[in-house]
Each structure stands twice: as C-alpha cells, then as structure tokens.
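This is coords31.cif (mmCIF, C-alpha atoms and all ligand atoms).
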data_upload
loop_
_atom_site.label_atom_id
_atom_site.label_comp_id
_atom_site.auth_asym_id
_atom_site.auth_seq_id
_atom_site.Cartn_x
_atom_site.Cartn_y
_atom_site.Cartn_z
CA MET A 553 0.00 0.00 0.00
CA SER A 554 1.33 3.38 -0.96
CA ILE A 555 1.97 6.10 1.58
CA PHE A 556 0.11 8.46 -0.67
CA SER A 557 -3.11 6.60 -0.14
CA PHE A 558 -3.04 8.12 3.29
CA PHE A 559 -3.38 11.61 1.93
CA ARG A 560 -5.76 10.87 -0.83
CA SER A 561 -9.03 12.52 -0.12
CA ALA A 562 -11.14 11.09 -2.94
CA PRO A 563 -10.82 7.63 -4.49
CA ARG A 564 -9.03 7.57 -7.82
CA PRO A 565 -11.38 8.18 -10.73
CA SER A 566 -12.29 4.92 -12.39
CA ALA A 567 -11.19 6.27 -15.77
CA VAL A 568 -7.63 6.63 -14.43
CA GLN A 569 -7.67 3.01 -13.36
CA ALA A 570 -9.04 2.02 -16.77
CA LYS A 571 -6.14 3.73 -18.48
CA GLU A 572 -3.50 2.19 -16.24
CA ARG A 573 -4.91 -1.29 -16.59
CA LEU A 574 -5.07 -0.95 -20.35
CA GLN A 575 -1.50 0.27 -20.56
CA ILE A 576 -0.24 -2.71 -18.60
CA VAL A 577 -2.21 -5.42 -20.36
CA MET A 578 -1.57 -4.01 -23.80
CA ALA A 579 2.18 -3.63 -23.34
CA HIS A 580 2.18 -7.34 -22.60
CA GLU A 581 -0.05 -8.31 -25.52
CA ARG A 582 1.84 -6.21 -28.03
CA ALA A 583 5.14 -7.81 -27.03
CA GLY A 584 3.66 -11.23 -27.68
CA ARG A 585 2.37 -10.13 -31.05
CA THR A 586 5.52 -8.77 -32.62
CA GLY A 587 7.23 -12.15 -32.57
CA PRO A 588 7.10 -14.51 -35.55
CA ASP A 589 4.32 -17.09 -35.81
CA TYR A 590 6.45 -20.02 -34.68
CA LEU A 591 7.53 -18.38 -31.45
CA PRO A 592 4.70 -19.66 -29.23
CA MET A 593 5.19 -23.20 -30.60
CA LEU A 594 8.93 -23.03 -30.18
CA GLN A 595 8.45 -21.80 -26.66
CA GLN A 596 6.07 -24.63 -25.82
CA GLU A 597 8.27 -27.33 -27.26
CA LEU A 598 11.41 -26.03 -25.59
CA LEU A 599 9.61 -25.92 -22.29
CA ALA A 600 8.24 -29.41 -22.78
CA VAL A 601 11.79 -30.71 -23.25
CA ILE A 602 13.09 -28.90 -20.19
CA ALA A 603 10.10 -29.98 -18.13
CA LYS A 604 11.04 -33.60 -18.82
CA TYR A 605 14.09 -33.12 -16.62
CA ILE A 606 13.33 -30.23 -14.33
CA ASP A 607 10.20 -29.29 -12.50
CA ILE A 608 9.72 -25.76 -13.75
CA ASP A 609 7.05 -23.24 -13.00
CA GLN A 610 5.48 -22.13 -16.27
CA ASN A 611 4.94 -18.67 -14.83
CA LYS A 612 8.65 -18.19 -14.26
CA VAL A 613 9.64 -18.53 -17.85
CA GLU A 614 10.44 -15.65 -20.15
CA VAL A 615 11.06 -15.99 -23.85
CA LYS A 616 12.30 -12.97 -25.74
CA LEU A 617 13.15 -12.46 -29.36
CA ASP A 618 15.32 -9.49 -30.25
CA ARG A 619 15.65 -8.57 -33.86
CA GLY A 620 18.93 -6.96 -34.74
CA GLY A 621 20.26 -5.73 -38.07
CA ASP A 622 21.82 -8.96 -39.29
CA CYS A 623 21.54 -11.02 -36.16
CA SER A 624 18.57 -11.90 -33.97
CA THR A 625 18.76 -13.47 -30.54
CA LEU A 626 16.33 -15.76 -28.87
CA GLU A 627 16.63 -15.47 -25.14
CA LEU A 628 15.18 -18.00 -22.75
CA ASN A 629 15.08 -17.18 -19.06
CA ILE A 630 13.81 -19.88 -16.77
CA GLU A 631 13.70 -19.47 -13.07
CA LEU A 632 14.50 -22.83 -11.56
CA PRO A 633 13.18 -24.09 -8.25
CA ALA A 634 15.33 -23.73 -5.15
CA ARG A 635 18.20 -26.19 -4.72
CA GLU A 636 16.35 -28.60 -2.42
CA GLN A 637 13.30 -28.84 -4.58
CA LEU A 638 15.48 -29.23 -7.63
CA LYS A 639 17.35 -32.19 -6.18
CA SER A 640 14.18 -34.11 -5.44
CA ALA A 641 12.82 -33.16 -8.81
CA MET A 642 15.96 -34.45 -10.50
CA ALA A 643 15.78 -37.67 -8.57
CA ALA A 644 12.30 -38.21 -9.88
CA VAL A 645 13.48 -38.04 -13.46
CA LYS A 646 13.62 -41.58 -14.80
CA LYS A 647 15.61 -41.20 -17.97
CA PRO A 648 19.19 -42.30 -17.27
CA ASP A 649 19.96 -42.77 -20.96
CA LEU A 650 19.05 -39.18 -21.72
CA LYS A 651 21.07 -37.29 -19.17
CA PRO A 652 20.57 -33.55 -19.31
CA SER A 653 23.76 -32.01 -20.62
CA ALA A 654 23.52 -29.39 -17.91
CA SER A 655 24.51 -32.01 -15.37
CA ALA A 656 28.01 -32.12 -16.88
CA ASP A 657 28.86 -28.88 -15.19
CA GLN A 658 26.50 -29.38 -12.31
CA ASP A 659 28.97 -27.97 -9.79
CA ASP A 660 29.21 -24.62 -11.46
CA GLU A 661 25.52 -24.43 -11.88
CA ASP A 662 24.86 -25.40 -8.31
CA ASP A 663 26.21 -22.12 -6.99
CA LYS A 664 23.92 -20.15 -9.17
CA LEU A 665 21.01 -22.38 -8.36
CA ALA A 666 21.35 -21.49 -4.72
CA ALA A 667 20.73 -17.91 -5.65
CA ASN A 668 17.39 -19.05 -7.01
CA GLY A 669 17.38 -16.42 -9.72
CA PRO A 670 16.77 -16.59 -13.44
CA LEU A 671 19.53 -18.81 -14.61
CA THR A 672 19.34 -20.45 -17.94
CA ASN A 673 20.32 -18.00 -20.56
CA GLY A 674 20.23 -20.01 -23.72
CA GLY A 675 21.38 -17.74 -26.47
CA VAL A 676 20.29 -19.25 -29.75
CA LYS A 677 21.64 -17.09 -32.51
CA LYS A 678 20.18 -17.04 -35.93
CA ARG A 679 21.39 -15.17 -38.98
CA HIS A 680 19.20 -14.11 -41.82
CA MET B 1013 -8.52 5.12 -58.57
CA SER B 1014 -10.99 3.48 -56.28
CA LYS B 1015 -10.22 3.35 -52.56
CA ILE B 1016 -11.32 0.62 -50.20
CA ILE B 1017 -12.16 1.61 -46.62
CA VAL B 1018 -12.92 -0.82 -43.80
CA MET B 1019 -14.95 0.18 -40.75
CA THR B 1020 -13.68 -2.21 -38.10
CA SER B 1021 -13.42 -2.60 -34.33
CA GLY B 1022 -12.95 -6.14 -33.09
CA LYS B 1023 -15.57 -5.64 -30.41
CA GLY B 1024 -19.24 -5.84 -31.29
CA GLY B 1025 -21.87 -3.16 -30.94
CA VAL B 1026 -19.53 -0.17 -30.84
CA GLY B 1027 -21.06 1.62 -33.84
CA LYS B 1028 -19.48 0.19 -37.01
CA THR B 1029 -22.73 -0.08 -38.93
CA THR B 1030 -23.96 3.31 -37.73
CA SER B 1031 -20.63 4.80 -38.79
CA SER B 1032 -20.51 2.95 -42.12
CA ALA B 1033 -23.95 4.27 -43.05
CA ALA B 1034 -23.04 7.80 -41.99
CA PHE B 1035 -19.65 7.76 -43.66
CA ALA B 1036 -20.81 6.33 -46.95
CA THR B 1037 -23.59 8.91 -47.06
CA GLY B 1038 -21.14 11.69 -46.21
CA LEU B 1039 -18.74 10.66 -48.98
CA ALA B 1040 -21.59 10.55 -51.49
CA LEU B 1041 -22.78 13.98 -50.34
CA ARG B 1042 -19.29 15.26 -51.10
CA GLY B 1043 -19.73 14.04 -54.67
CA PHE B 1044 -17.91 10.73 -54.57
CA LYS B 1045 -19.55 7.69 -56.05
CA THR B 1046 -19.70 5.40 -53.04
CA VAL B 1047 -20.85 1.87 -52.27
CA VAL B 1048 -21.20 0.47 -48.78
CA ILE B 1049 -20.98 -3.31 -48.38
CA ASP B 1050 -22.35 -5.34 -45.48
CA PHE B 1051 -19.81 -8.04 -44.54
CA ASP B 1052 -21.85 -9.25 -41.57
CA VAL B 1053 -23.12 -12.39 -43.28
CA GLY B 1054 -26.03 -13.94 -41.41
CA LEU B 1055 -26.65 -10.81 -39.34
CA ARG B 1056 -27.61 -8.33 -42.02
CA ASN B 1057 -28.36 -4.90 -40.58
CA LEU B 1058 -26.87 -2.26 -42.81
CA ASP B 1059 -30.00 -2.42 -44.98
CA LEU B 1060 -32.16 -1.41 -41.99
CA VAL B 1061 -29.88 1.41 -40.94
CA MET B 1062 -29.80 2.67 -44.52
CA GLY B 1063 -33.57 2.24 -44.86
CA CYS B 1064 -33.50 -0.03 -47.91
CA GLU B 1065 -34.47 -3.34 -46.29
CA ARG B 1066 -37.56 -3.78 -48.43
CA ARG B 1067 -35.64 -3.42 -51.64
CA VAL B 1068 -33.21 -6.29 -51.09
CA VAL B 1069 -33.65 -8.99 -53.73
CA PHE B 1070 -30.16 -10.30 -54.35
CA ASP B 1071 -27.15 -9.88 -52.11
CA PHE B 1072 -23.36 -9.90 -51.90
CA ILE B 1073 -23.22 -13.69 -51.46
CA ASN B 1074 -25.45 -14.25 -54.51
CA VAL B 1075 -22.95 -12.21 -56.52
CA ILE B 1076 -19.98 -14.11 -55.10
CA ASN B 1077 -21.67 -17.40 -56.01
CA GLY B 1078 -22.55 -16.21 -59.50
CA GLU B 1079 -26.29 -16.44 -58.76
CA ALA B 1080 -26.86 -12.78 -59.55
CA LYS B 1081 -25.12 -9.99 -61.37
CA LEU B 1082 -23.58 -7.17 -59.38
CA SER B 1083 -25.98 -4.71 -60.97
CA GLN B 1084 -28.91 -6.79 -59.72
CA ALA B 1085 -27.69 -6.77 -56.13
CA LEU B 1086 -26.64 -3.14 -55.85
CA ILE B 1087 -29.32 -0.92 -54.35
CA LYS B 1088 -29.30 2.73 -55.30
CA ASP B 1089 -30.07 5.03 -52.38
CA LYS B 1090 -33.36 6.90 -52.77
CA ARG B 1091 -32.18 10.10 -51.11
CA ILE B 1092 -28.62 10.61 -52.28
CA ASP B 1093 -27.16 10.41 -55.73
CA ASN B 1094 -23.91 8.48 -56.02
CA LEU B 1095 -24.76 6.24 -53.07
CA TYR B 1096 -25.24 2.48 -53.37
CA ILE B 1097 -25.70 -0.33 -50.86
CA LEU B 1098 -24.61 -3.93 -51.33
CA PRO B 1099 -26.54 -5.89 -48.68
CA THR B 1100 -25.47 -9.26 -47.41
CA SER B 1101 -27.20 -12.58 -46.97
CA GLN B 1102 -29.38 -13.22 -43.96
CA THR B 1103 -29.31 -16.99 -44.28
CA ARG B 1104 -25.79 -18.13 -45.12
CA ASP B 1105 -22.74 -18.13 -42.97
CA LYS B 1106 -19.41 -16.40 -43.24
CA ASP B 1107 -17.75 -19.26 -45.10
CA ALA B 1108 -19.60 -17.98 -48.13
CA LEU B 1109 -17.07 -15.13 -48.19
CA THR B 1110 -14.35 -16.76 -50.25
CA PRO B 1111 -11.22 -14.68 -50.76
CA ALA B 1112 -11.39 -15.10 -54.53
CA GLY B 1113 -15.08 -14.23 -54.61
CA VAL B 1114 -14.65 -11.13 -52.47
CA GLU B 1115 -11.70 -10.01 -54.57
CA ARG B 1116 -13.64 -10.39 -57.80
CA VAL B 1117 -16.59 -8.36 -56.52
CA LEU B 1118 -14.30 -5.63 -55.16
CA ASN B 1119 -12.46 -5.50 -58.48
CA ASP B 1120 -15.70 -5.09 -60.37
CA LEU B 1121 -16.88 -2.38 -57.97
CA SER B 1122 -13.61 -0.51 -58.21
CA LYS B 1123 -14.20 0.05 -61.91
CA GLU B 1124 -17.26 2.13 -61.08
CA PHE B 1125 -16.86 3.59 -57.62
CA ASP B 1126 -14.60 6.16 -55.99
CA TYR B 1127 -15.03 4.66 -52.54
CA ILE B 1128 -15.89 1.15 -51.43
CA LEU B 1129 -16.76 1.06 -47.75
CA CYS B 1130 -16.75 -2.30 -46.00
CA ASP B 1131 -18.83 -2.64 -42.84
CA SER B 1132 -17.02 -5.30 -40.83
CA PRO B 1133 -18.73 -7.75 -38.50
CA ALA B 1134 -17.46 -8.03 -34.92
CA GLY B 1135 -14.72 -10.47 -34.05
CA ILE B 1136 -11.52 -11.40 -35.82
CA GLU B 1137 -12.78 -14.34 -37.80
CA ARG B 1138 -13.49 -14.85 -41.46
CA GLY B 1139 -16.05 -12.08 -42.00
CA ALA B 1140 -13.91 -9.50 -40.24
CA LEU B 1141 -10.72 -10.71 -41.91
CA MET B 1142 -12.29 -10.62 -45.37
CA SER B 1143 -13.64 -7.12 -44.80
CA LEU B 1144 -10.23 -5.75 -43.92
CA TYR B 1145 -8.04 -7.86 -46.18
CA PHE B 1146 -8.27 -5.67 -49.29
CA ALA B 1147 -8.48 -2.32 -47.48
CA ASP B 1148 -6.44 0.76 -48.29
CA HIS B 1149 -7.77 2.66 -45.28
CA ALA B 1150 -9.01 1.41 -41.94
CA ILE B 1151 -11.29 3.37 -39.67
CA ILE B 1152 -11.06 1.92 -36.19
CA VAL B 1153 -14.35 2.40 -34.38
CA THR B 1154 -13.75 2.47 -30.64
CA ASN B 1155 -15.81 3.26 -27.56
CA PRO B 1156 -14.08 4.91 -24.57
CA GLU B 1157 -14.21 1.68 -22.62
CA VAL B 1158 -11.53 -0.88 -21.71
CA SER B 1159 -12.62 -3.89 -23.75
CA SER B 1160 -13.27 -1.84 -26.85
CA VAL B 1161 -9.85 -0.18 -26.67
CA ARG B 1162 -8.11 -3.48 -26.19
CA ASP B 1163 -9.98 -5.10 -29.09
CA SER B 1164 -9.12 -2.14 -31.31
CA ASP B 1165 -5.49 -2.77 -30.54
CA ARG B 1166 -5.91 -6.39 -31.58
CA ILE B 1167 -7.43 -5.28 -34.85
CA LEU B 1168 -4.52 -2.92 -35.45
CA GLY B 1169 -2.24 -5.91 -35.03
CA VAL B 1170 -4.30 -7.91 -37.52
CA LEU B 1171 -4.19 -5.06 -40.04
CA ALA B 1172 -0.43 -4.88 -39.67
CA SER B 1173 0.07 -8.59 -40.27
CA ARG B 1174 -2.82 -10.13 -42.16
CA SER B 1175 -4.08 -7.52 -44.61
CA ARG B 1176 -3.23 -7.80 -48.31
CA ARG B 1177 -0.98 -4.76 -48.02
CA ALA B 1178 0.93 -6.35 -45.15
CA GLU B 1179 1.22 -9.73 -46.87
CA GLN B 1180 2.46 -8.24 -50.11
CA GLY B 1181 4.80 -5.79 -48.44
CA LEU B 1182 2.99 -2.76 -49.86
CA GLU B 1183 2.49 0.59 -48.20
CA PRO B 1184 0.61 -0.20 -44.96
CA VAL B 1185 -3.14 0.30 -44.56
CA THR B 1186 -3.75 3.79 -43.13
CA GLN B 1187 -5.35 3.66 -39.70
CA GLN B 1188 -7.51 6.32 -38.11
CA LEU B 1189 -9.49 6.35 -34.91
CA LEU B 1190 -13.20 7.11 -34.75
CA LEU B 1191 -14.11 7.38 -31.09
CA THR B 1192 -17.85 6.89 -30.76
CA ARG B 1193 -20.44 7.12 -27.98
CA TYR B 1194 -18.28 9.69 -26.23
CA ASP B 1195 -19.89 11.33 -23.24
CA PRO B 1196 -17.96 14.50 -22.29
CA GLU B 1197 -19.85 14.86 -19.03
CA ARG B 1198 -18.90 11.41 -17.83
CA VAL B 1199 -15.34 12.10 -18.94
CA GLU B 1200 -15.34 15.25 -16.84
CA ARG B 1201 -16.54 13.27 -13.85
CA GLY B 1202 -13.65 10.84 -14.32
CA GLU B 1203 -15.98 7.99 -15.24
CA MET B 1204 -14.94 7.57 -18.84
CA LEU B 1205 -11.61 7.44 -20.68
CA LYS B 1206 -10.65 10.77 -22.26
CA VAL B 1207 -9.99 11.14 -25.98
CA ASP B 1208 -6.35 11.79 -25.14
CA ASP B 1209 -6.08 8.62 -23.07
CA VAL B 1210 -7.38 6.49 -25.91
CA LEU B 1211 -5.09 8.25 -28.38
CA GLU B 1212 -2.11 7.73 -26.15
CA ILE B 1213 -2.86 4.03 -25.81
CA LEU B 1214 -3.70 3.25 -29.43
CA ALA B 1215 -1.24 5.74 -30.96
CA ILE B 1216 -3.08 6.33 -34.23
CA PRO B 1217 -4.41 9.63 -35.66
CA LEU B 1218 -7.84 10.83 -34.60
CA LEU B 1219 -10.43 11.02 -37.35
CA GLY B 1220 -13.32 12.10 -35.18
CA VAL B 1221 -15.18 11.94 -31.89
CA ILE B 1222 -18.86 11.06 -32.17
CA PRO B 1223 -20.79 11.97 -29.03
CA GLU B 1224 -23.27 9.64 -27.38
CA SER B 1225 -26.49 10.90 -28.87
CA GLN B 1226 -30.15 10.05 -28.86
CA ALA B 1227 -30.26 11.09 -32.49
CA VAL B 1228 -28.54 7.82 -33.45
CA LEU B 1229 -31.43 5.66 -32.27
CA ARG B 1230 -34.00 8.03 -33.74
CA ALA B 1231 -32.25 7.87 -37.09
CA SER B 1232 -31.98 4.09 -37.11
CA ASN B 1233 -35.66 3.81 -36.15
CA VAL B 1234 -36.59 5.44 -39.42
CA GLY B 1235 -33.81 4.00 -41.57
CA MET B 1236 -31.93 7.24 -42.11
CA PRO B 1237 -28.16 7.56 -41.70
CA VAL B 1238 -27.66 9.92 -38.74
CA ILE B 1239 -25.40 12.19 -40.78
CA LEU B 1240 -28.57 13.41 -42.52
CA ASP B 1241 -29.85 14.71 -39.18
CA GLU B 1242 -27.95 17.92 -39.59
CA ALA B 1243 -29.26 19.42 -36.38
CA SER B 1244 -27.84 16.62 -34.23
CA ASN B 1245 -24.42 16.56 -32.60
CA ALA B 1246 -23.74 13.09 -33.91
CA GLY B 1247 -24.72 14.08 -37.44
CA GLN B 1248 -22.43 17.10 -37.36
CA ALA B 1249 -19.61 15.08 -35.85
CA TYR B 1250 -19.86 12.56 -38.70
CA THR B 1251 -19.87 15.35 -41.28
CA ASP B 1252 -16.70 16.74 -39.72
CA ALA B 1253 -15.08 13.30 -39.70
CA VAL B 1254 -15.82 12.77 -43.39
CA GLY B 1255 -14.31 16.20 -44.09
CA ARG B 1256 -11.16 15.28 -42.19
CA PHE B 1257 -10.96 11.98 -44.03
CA LEU B 1258 -10.94 13.95 -47.27
CA GLY B 1259 -8.18 16.20 -45.98
CA ASP B 1260 -10.08 19.20 -44.60
CA GLU B 1261 -8.74 20.74 -41.43
CA ILE B 1262 -11.60 20.82 -38.98
CA GLU B 1263 -11.36 21.35 -35.25
CA HIS B 1264 -12.79 18.64 -33.03
CA ARG B 1265 -16.14 19.55 -31.52
CA PHE B 1266 -18.26 17.79 -28.91
CA VAL B 1267 -15.25 16.75 -26.83
CA SER B 1268 -16.03 18.89 -23.80
CA PRO B 1269 -19.33 19.35 -21.99
CA GLN B 1270 -21.57 21.93 -23.51
CA LYS B 1271 -22.13 24.94 -21.33
CA LYS B 1272 -25.68 24.62 -20.22
CA GLY B 1273 -27.79 27.63 -19.40
CA LEU B 1274 -30.64 27.30 -16.95
CA PHE B 1275 -33.08 27.16 -19.79
CA SER B 1276 -31.46 24.29 -21.63
CA ARG B 1277 -30.96 22.50 -18.35
CA LEU B 1278 -34.69 22.65 -17.80
CA LEU B 1279 -35.24 21.32 -21.28
CA ARG B 1280 -32.63 18.63 -20.91
CA ARG B 1281 -35.05 15.75 -20.91
CA SER B 1282 -36.45 16.60 -24.28
CA ALA B 1283 -32.99 16.90 -25.88
N1 LIG C 1 -23.04 7.80 -31.01
C1 LIG C 1 -23.98 6.98 -30.54
N2 LIG C 1 -24.85 7.38 -29.58
C2 LIG C 1 -25.80 6.56 -29.10
N3 LIG C 1 -25.99 5.30 -29.53
C3 LIG C 1 -25.17 4.83 -30.48
C4 LIG C 1 -24.12 5.63 -31.03
N4 LIG C 1 -23.47 4.89 -31.97
C5 LIG C 1 -24.08 3.69 -31.99
N5 LIG C 1 -25.10 3.63 -31.11
C6 LIG C 1 -26.00 2.49 -30.85
O1 LIG C 1 -25.22 1.37 -30.55
C7 LIG C 1 -25.81 0.19 -31.04
C8 LIG C 1 -24.82 -0.58 -31.89
O2 LIG C 1 -24.49 0.18 -33.04
P1 LIG C 1 -24.06 -0.50 -34.41
O3 LIG C 1 -25.06 -1.51 -34.83
O4 LIG C 1 -23.71 0.58 -35.34
O5 LIG C 1 -22.74 -1.24 -33.91
P2 LIG C 1 -21.86 -2.32 -34.69
O6 LIG C 1 -20.47 -2.07 -34.26
O7 LIG C 1 -22.16 -2.29 -36.14
O8 LIG C 1 -22.41 -3.68 -34.07
P3 LIG C 1 -22.06 -5.18 -34.58
O9 LIG C 1 -20.68 -5.45 -34.03
O10 LIG C 1 -23.11 -6.01 -33.96
O11 LIG C 1 -22.09 -5.14 -36.07
C9 LIG C 1 -27.04 0.62 -31.82
O12 LIG C 1 -28.17 0.43 -31.02
C10 LIG C 1 -26.80 2.09 -32.07
O13 LIG C 1 -28.01 2.79 -32.16
MG MG C 2 -22.72 -3.92 -37.47
#

As structure tokens - that is how I would like this structure written.
Amino acid sequence: MSIFSFFRSAPRPSAVQAKERLQIVMAHERAGRTGPDYLPMLQQELLAVIAKYIDIDQNKVEVKLDRGGDCSTLELNIELPAREQLKSAMAAVKKPDLKPSASADQDDEDDKLAANGPLTNGGVKKRH
Amino acid sequence: MSKIIVMTSGKGGVGKTTSSAAFATGLALRGFKTVVIDFDVGLRNLDLVMGCERRVVFDFINVINGEAKLSQALIKDKRIDNLYILPTSQTRDKDALTPAGVERVLNDLSKEFDYILCDSPAGIERGALMSLYFADHAIIVTNPEVSSVRDSDRILGVLASRSRRAEQGLEPVTQQLLLTRYDPERVERGEMLKVDDVLEILAIPLLGVIPESQAVLRASNVGMPVILDEASNAGQAYTDAVGRFLGDEIEHRFVSPQKKGLFSRLLRRSA
C-alpha cells in the first residue's frame, strides 16, 4: 500500500484506473504479437523438453526475441526451483539414458542455483 | 482510382454499422460515387440502418456465387445520388465469403466507384478478416471503454500482419481512430476514458469523436443515416469526420461538456 493513499481525499477516478490497466495489459499483448508465428510453438516445445528433466514453474519462464540488423537473438530465461526442490525433482526423473547435458557442469551451476534467480540463458543465434 | 475503406473494431456493438452508413452517405454527399458493403453475413443490418431493407432482392453472397449480377444486387439510395448499398445474406454463414469471390466483386466495384466502404462484423474471424483484407484505409471504431480499446489494438495488429498490403509488403493500410459514444460529461466526472487517453494508448491519428447521442437511435428507427440529421451533434460530428478523411482541417467539436444555461438545463429531458 502506498503512503500516498493516506493523503488521498477522494478515491481515484475509475477512468484513471481504466487507463492504467489498459497500458499494462496491452504492453504485454503487443510484445507477444511482434514475434514470428512459430515463437509460441517453439516456446512450448522447448519448455516441454526442459520440463522432462526439471520441474519448472510455467509462470517463471520468459522468452524474448530481439531482432537486430543482421543477427537476432532468442533469449530463454527460466527461473529454476530452489536447490532442495530441484534435487528431489531431479531424482524423480527416470531417464538415465538421456542425461541432461547441464549435469556435466553441475557444480558450477549449483552455486547459481542457490541464488534461485533466473539462470538459464540459452542464447540461440540465428542469422538471416 | 478506387479506394477501399474498412470500418472495423474487433468488439461488437460499438457503432461500425452506424458509422458505415453515416460515412458512406457523407462521402456521397461530397460528390464521390460510393458503395457500402455489409460483410456481416447472417446478421444483415446495414439495410435497416440505410432504410432499404424492403428493396433487397439479391445480395453480396449471390454475386460471389454467381447467382446474380452485381448490378442486380446493388441498391441505389433513394435520397442521395452516387450512393449504393450492397446488402449481405441473412441466411448463409461467413464461409460464403471466399477470398477469390470477395476479390472479384471488389475488383468489379472498383471500376465504377470512388469509394468502397466495407462494414465489418465483430470479431476477428473470417467475415472481419475478409472485410479488412483488401483495405487501403481502416477506420477503427472504438468506444471509450476498456474492452473496446483493447480489441481495437488487436485489430490494429491484424491489419499490420494479415491484410493484403501487409502480406504483399505494400504501403501499410492507413489507420484512423473514430471514437464513438463519447460522453464529455462522464469524462469530466472521471468515469470515462478521455480522448487523449485512448489516443495515447492506441497511438493512431484521430479522425473524429462522435458523441453519445439520442439522435442515433432516432435515425436508425426510421432508416436514415444519422449524418442526414444535420441538427444533431452526432450528425455534425460525422460530417466533420468525413471532411477530415478527405483532408479538410476541422477542429474537433463535442469533446467537452456543452455549457448549459438554466433554460437548456430545464429542457434537458427533451434533448
Ligand atoms: N453515437 C452513438 N450514440 C448513441 N448510440 C449509439 C451511437 N453509436 C451507436 N449507437 C447504438 O449502438 C448500437 C450498436 O451500433 P451498431 O449496430 O452501429 O454497432 P456495430 O459495431 O455495427 O455492431 P455489430 O458489431 O453487432 O455489427 C445501436 O443500437 C446504435 O443505435
Ligand atoms: Mg454492425
């Protein structure tokens, strides 16, 4: 709650709230629209693959496409669960033949995992 | 060169048909040979608003299907020279609007008309897509209300990606905002989005602001485009908007509450 609400005499006009809500929801929708058609599919499939190995929260995933002059980047930010949860999640994965390549440098990653922040930064570069 | 205009909105019931009838009439009054086409297949209403419902024999879909000639389906307006209506079918569904069929009819019309105005149905499905696909100009009809503004933004996205001009990499469809059912008094009370708010959010040029007006219902009751009610605010606002569309510089009226004297306040109910 904002300190200013203390001093506010009248409630905020509903039209002001309408404008703010529109600005927020539309910024989000426009961002989703400017991407190419395959982006939502790509996002879903990538997540499906990752979800096979790690228990991820779909709401903590961010996919971003940046178009540059001659180089575009696809950025994937996935917030992983805390270390403890991750361990049990990994134990539950029953695919020994298909080990996630991330486990090769598990030790390095472990430190970052403890921070529980956005971690995977898969930079897929594509030229056109 | 014939120009194709689409009156579109995404959201239903915001005033596309009212505006199509008014705009087509206004263009014809300015001397341009104009046809207005109803793309709302299955929910025909433009004929009622234009007051020609009893003269419909053949329709747009009959022409697309080769069951009637264009000249048999076109209805010449009784009041205004240069004004024609192409009604739609009441019984078929929107799948009857085939891209090739629509293109052929528009091509034939463009040989004869200066302006072809397409009255879009609500939604973003076939009927709406077909009505905007061939457009050169889009008039985005929006009410000062959250869901209408959001849907208008969706339609802008569709125009930018799925119109013929977008697909063929041509000059983009021009986009102008027609803000309808505007109530300056509610805006002043902070109950309704301001013109400037909507402009800031949608970021397209303003073609006109049409006030909420009882004249609109009166006009549709009798099958007369409201622009012909020259005494009404809404009629004048549409006339201004048509002028701006044609390049005239006209100041926006009806955007702030009218100063009311005691007398007019007493008479308010009869307004
Ligand atoms: N400026 C206005 N003032 C008052 N009423 C209005 C105004 N503009 C439109 N209306 C009313 O709003 C209703 C819907 O208008 P209209 O049929 O033109 O909308 P539409 O966008 O074509 O709807 P649909 O999406 O169903 O095709 C009608 O009853 C009409 O009389
Ligand atoms: Mg309509």

Test item: residues at most 8 Å from Leu1205 in chain B, only C-alpha atoms, excluding those fewer than 3 positions along its chain, as number ranges by chain: A: 567-568, 570-571; B: 1156-1157, 1199, 1202, 1209-1210

Within 10 Å of ligand LIG 1 (chain C) (only C-alpha atoms and all ligand atoms), residues as a PyMOL selection string: chain B and resi 1019-1034+1050-1052+1055-1058+1061+1131-1135+1153-1155+1191-1195+1221-1233+1238+1245-1247+1249-1250

Computed gap from CA of Lys1045 in chain B to CA of Asp1126 in chain B is 5.2 Å

Which is closest to ligand MG 2 (chain C) among B:Tyr1127, B:Asp1093, B:Ala1140, B:Glu1079, if we use all atoms listed in the file?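 Going through B:Tyr1127, B:Asp1093, B:Ala1140, B:Glu1079 one by one, the smallest distance to ligand MG 2 (chain C) is for B:Ala1140.
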
With distances taken over all atoms listed in the file, which residue among B:Asp1163, B:Glu1124, B:Glu1242, B:Asp1105 lies nearest chain A?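 The shortest atom-to-atom distance to chain A comes from B:Asp1163.
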
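Minimum distance to ligand MG 2 (chain C) across B:Cys1130, B:Leu1141, B:Ala1040, B:Ala1108 (counting only C-alpha atoms and all ligand atoms) occurs at B:Cys1130.
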
Tell me which of A:Gln595, A:Met578, A:Pro563, A:Ile602 sits closest to chain B, counting all atoms listed in the file.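 Among A:Gln595, A:Met578, A:Pro563, A:Ile602, it is A:Met578 that comes nearest to chain B.
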
Here is a test: counting only C-alpha atoms and all ligand atoms, which residue of B:Leu1144, B:Ile1017, B:Ile1213, B:Val1053 is nearest to ligand MG 2 (chain C)?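 Going through B:Leu1144, B:Ile1017, B:Ile1213, B:Val1053 one by one, the smallest distance to ligand MG 2 (chain C) is for B:Val1053.
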
Using all atoms listed in the file, determine which residues of chain B fall within 12 Å of chain A; present them as a ChimeraX atom specification. /B:1156-1170,1172-1174,1198-1215

Separation of CA of Val1048 in chain B from CA of Asp1260 in chain B in Å: 22.2 Å

When you draw a straight line from CA of Ile1016 in chain B to CA of Ile1049 in chain B, how long is it in Å?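 Straight-line distance from CA of Ile1016 in chain B to CA of Ile1049 in chain B works out to 10.6 Å.
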
Smallest atom-to-atom distance to Ala634 in chain A: which of A:Ile608, A:Val615, A:Gln596, A:Ile576, using only C-alpha atoms?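 Of all the options, A:Ile608 lies closest to Ala634 in chain A.
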
Mind working out the centre and edge lengths of an axis-aligned box for range 1253-1268 of chain B, all listed atoms inside, 5 Å added to each side, rounded to one decimal in Å and written as AutoDock Vina command-line options?
--center_x -13.2 --center_y 16.7 --center_z -35.5 --size_x 20.1 --size_y 19.4 --size_z 33.5
